[in-house]
There are 2 protein chains.
Amino acid sequence: MTNEGGNKRRERRERRRASPLADRPFRLLRNPYPPVEVLSVEELQRIHLASLRILEEIGLEFLDGEALDVWQAAGAEVDRSTGRVRLERGLVMEAVSTAPAHFSLRARNPAHDLHIGGNYINLAPGAGCPYISDFERGRRPGTLVAFQELVRLVQQCPPLHIIGGVMVEPQDVPVPVRHLEQVYSQFTLGDKAIISPARNRETALDCIEMAAIVFGGLDETQRQPVQLGIINVNSPLRYDASMLGGLMTYARYGQPVVVTPFILAGAMSPITLAAAIAQQNAEALAGIALTQLVNPGVPVIYGGFTTNVDMQTGSPAFGSPEGALALFAGAQLARFYGLPYRGSGSLNNSKLPDAQASYETQMTLWPAVLAHANLIHHSVGWLEAGLVFSLEKFMLDLEGLLMMVRLLDGIEVNDETLALDTMAEVGPGGHHFGSAHTLARFRSEFYLPLLSDRQNYEAWREQGSLDAGQRAHRLWKELLAGYEQPYIDPAIEEGLREYVGRRKRELAG
Amino acid sequence: MTNEGGNKRRERRERRRASPLADRPFRLLRNPYPPVEVLSVEELQRIHLASLRILEEIGLEFLDGEALDVWQAAGAEVDRSTGRVRLERGLVMEAVSTAPAHFSLRARNPAHDLHIGGNYINLAPGAGCPYISDFERGRRPGTLVAFQELVRLVQQCPPLHIIGGVMVEPQDVPVPVRHLEQVYSQFTLGDKAIISPARNRETALDCIEMAAIVFGGLDETQRQPVQLGIINVNSPLRYDASMLGGLMTYARYGQPVVVTPFILAGAMSPITLAAAIAQQNAEALAGIALTQLVNPGVPVIYGGFTTNVDMQTGSPAFGSPEGALALFAGAQLARFYGLPYRGSGSLNNSKLPDAQASYETQMTLWPAVLAHANLIHHSVGWLEAGLVFSLEKFMLDLEGLLMMVRLLDGIEVNDETLALDTMAEVGPGGHHFGSAHTLARFRSEFYLPLLSDRQNYEAWREQGSLDAGQRAHRLWKELLAGYEQPYIDPAIEEGLREYVGRRKRELAG
């Protein structure tokens, strides 16, 4: 090893040590407090029964022949001309009952394996944004480079558990091969668990094949899940062919999907919240039952994403109190069925990473944590109702998540932390700054902000009077500058590269 | 009545109708969900026992002869040379047990009477700020005019239950007579319940006399409380003469005080959170016991304000996760003793009404609501760790409070809101915008933001690309412009004016 190599390694080590996140390790997160519930037992039961009536009396449309075959074989009442399927409650509840209450999700680096269920909380970044923005380069369409930058940043943030899905749409990559570039970037630039595309059968199959390369074959990936797919219902009460293809393919290969009805009350459901939640529940139960009919026992997550439409603008209202109530109620229903639950984090309608972006985000994050959401999707980065992934918002949301992590650690109560001797020693009117008890703990006792400013006014002005967004801007640049690609077995990287190359040629041909 | 008078009335009526808060009436607020608790029963018990040991073994200093007399008469171990008092647990717990679990607080306008205790939440604005700021006039020392502007604004915001205390310090009024101008403004410019100064015996007595003028005599005010006093403990473990004078005077005249230890862990208590909470509890219990020894059965509120010191800057850390945990724990202790609890709302360290101001505020407000704080002090307006009352932050916080109010209204579940007929009618793949069910409800079903922007990017840009703070600026100006003085009996106003005039002459002499 030459000296130059040694110097480089040292430099890299120092850069790593200097990272503002150096002392926030990756860890599994749990909420030790009982879940907050907004529905009484009677109300819960009433919504449950309403959704069973929706399934039986109204039914859903499944716009896919194979899905209709599965329902028909299971004994459902299927109208093949319209795709309308009416589902008897016993059929649905029996199928749902085979889904596990919790499961493990493997990451490329086993140190990043996850647990989904119970009171575990898993944090995933914002997804589905067509635009990306930052203070330097402005608001612009997503590109593969922008997507890869986000993969690097998520990898650089230990508190985030999951990389992706499509955090920002790489609009410069043709749709038919987009998923290949995306998953290749996720697996090679990061080593955490991933959310992978589930757009249709072919896409899903590619993602499954690529995971098989990473994890040592299809048998191995079917032993334990290695990727999460997101399935959005075409509410009201309709699953289209592409989503059904993705759902059934993932299920067949033992990979969990998040079944998420996309309901804006007043547009895709009746305007009243109880109806929106009952409809969400019917839609989710139907999709979850389908995964179990395809592959009994395959893990699946109940997804809640219901909110209201804003009646003045026609826009979806994200971070609204109605969305918060729906999030709470969805978690309660998922718990009632013994299913893991997906909530959201950084939802908001603001065009800037300002106060509105922040209080609407908190109106989503607090309910997600308190309700015991097992997966908090979109936990960082959203702006503009999800049209934009903002790098500054990413950092602001990260601070919010880290504060929440500290909150969930609770209060340590023992003789040492009660410190009655110290109190007696310092006595009334004294001060604790210099006590031995304080000196032994002052570096590590309290949450240390990432970017929040606690200086006095004069010191803050001297340093340029920056607002939180401007400090967030500095932070992501610093984190990105410190990025190093995690180790990947060259044979795996080569295998992925070959697969992507071959499939790109096939899909172009 | 001339036409001109009629026109003016009409104009005023229209202005009122146009108020952005016209459809948010004053109402008593309750949290119907069970309180969130962060301490196990064992941990709670352990902190309780530690605080009893603090009272017995370490004791507190009471720097006031009359207070020492009261303790001595009650059988406490009093060292008159140092003021140190050691309090046997039986004495304290017996005294605390006579404090009521809930009480009513009268307002000048009976329609604004309040209930404090149980799951009721009462919202009071920020207080104690030496500076005031807004985007137009900048950051400047508080004045009487600025204080009066805040009284008008609080009166203009129906969701806020309480006017004052010293929202901003009227630094242009000499300290000895400041309380007179303050309370006069509170009683004449508004008609809601008030927090009045409790700085010392003389101040407290003036406030009590002024309330007697408003409510029809001292007998009447002693029948039911008409003002709240805030008592801050000089932590660690010390009550000074002025605070004790205020506490005992209010208690003697049947007026409730909020006994609030001011603890920054690591400075005024040991650095560990368990110790800070145990010390807070000992300090609060001692003050609460003293109110009961002075006047058994007088209402009193347990105040929690503990947070940590920021170890990098030495500043108090407001809106920190440690502050949130202390807020939760304090509420649990107050509930354990059957006492109403005071938490906080808009605490933060930011210098601007930006994202940081907002997420730190939410890190205080959510715990206060979830923990069942009965009084949320500082619920609007704080910036800079309470050095500044910001008019823009006031409006941003108001939006946050209104969202919370909607959240606490919960989900209405009945046949009508479950709307299965509508769902069947619209069917799979349809849309609900035009359904009869939607049309009948779309104006009132959802929370309507005060200042949050839900437009799309293009519409938002066309309207000037304003951030939330800038929209907040417009809002307070609009509210202030629409202010009208509530009716006050001219004899009462005259009585108050005379009292203030006489006392100003006496205090100057």
# chains A, B, ... in the order shown; residues from 1 in each chain; ligands from 1
call {"tool": "residues_around", "arguments": {"residues": "A:Gly164", "least_positions_apart": "3", "cutoff": "9 Å", "atoms": "only C-alpha atoms", "output": "PyMOL selection string"}}
result
chain A and resi 124-127+150-151+154+167-168+182+186+193-196
call {"tool": "write_last_selection", "arguments": {"atoms": "C-alpha atoms", "output": "short mmCIF file (atom, residue, chain, number, x, y, z; two decimals), in the first residue's frame"}}
result
data_model
loop_
_atom_site.label_atom_id
_atom_site.label_comp_id
_atom_site.auth_asym_id
_atom_site.auth_seq_id
_atom_site.Cartn_x
_atom_site.Cartn_y
_atom_site.Cartn_z
CA ALA A 124 -38.68 5.67 3.94
CA PRO A 125 -38.13 8.88 1.95
CA GLY A 126 -40.62 10.76 -0.19
CA ALA A 127 -41.52 9.16 -3.50
CA LEU A 150 -31.18 11.10 -3.51
CA VAL A 151 -30.05 7.47 -3.20
CA VAL A 154 -30.57 8.45 1.91
CA MET A 167 -38.11 9.35 -4.93
CA VAL A 168 -38.00 11.51 -8.01
CA GLN A 182 -33.65 2.86 -10.72
CA GLN A 186 -30.58 1.60 -5.42
CA ALA A 193 -33.55 -2.25 2.07
CA ILE A 194 -35.37 -0.95 -0.98
CA ILE A 195 -38.80 -0.11 -2.30
CA SER A 196 -38.85 -1.26 -5.91
#
call {"tool": "closest_atom_pairs", "arguments": {"of": "stretch 324-360 of chain B", "to": "stretch 450-456 of chain A", "cutoff": "10 Å", "atoms": "only C-alpha atoms", "output": "JSON lines"}}
result
{"residue": "B:Asn348", "atom": "CA", "partner": "A:Arg454", "partner_atom": "CA", "distance": 8.8}
{"residue": "B:Asn349", "atom": "CA", "partner": "A:Arg454", "partner_atom": "CA", "distance": 5.4}
{"residue": "B:Ser350", "atom": "CA", "partner": "A:Asp453", "partner_atom": "CA", "distance": 6.3}
{"residue": "B:Lys351", "atom": "CA", "partner": "A:Asp453", "partner_atom": "CA", "distance": 8.2}
{"residue": "B:Ala355", "atom": "CA", "partner": "A:Ser452", "partner_atom": "CA", "distance": 9.4}
{"residue": "B:Gln356", "atom": "CA", "partner": "A:Ser452", "partner_atom": "CA", "distance": 6.2}
{"residue": "B:Ala357", "atom": "CA", "partner": "A:Ser452", "partner_atom": "CA", "distance": 9.0}
{"residue": "B:Tyr359", "atom": "CA", "partner": "A:Ser452", "partner_atom": "CA", "distance": 9.8}
{"residue": "B:Glu360", "atom": "CA", "partner": "A:Ser452", "partner_atom": "CA", "distance": 9.0}
call {"tool": "closest_residue", "arguments": {"among": "A:Arg461, A:Arg223, A:Arg406, A:Arg503", "to": "A:Asn31", "atoms": "only C-alpha atoms"}}
result
A:Arg406
call {"tool": "closest_residue", "arguments": {"among": "A:Pro321, A:Gly501, A:Pro158, A:Gly386", "to": "chain B", "atoms": "only C-alpha atoms"}}
result
A:Pro321
call {"tool": "residues_around", "arguments": {"residues": "B:Val38", "least_positions_apart": "4", "cutoff": "9 Å", "atoms": "only C-alpha atoms", "output": "PyMOL selection string"}}
result
(chain A and resi 32-33+408+410-411) or (chain B and resi 325+328-329+332)
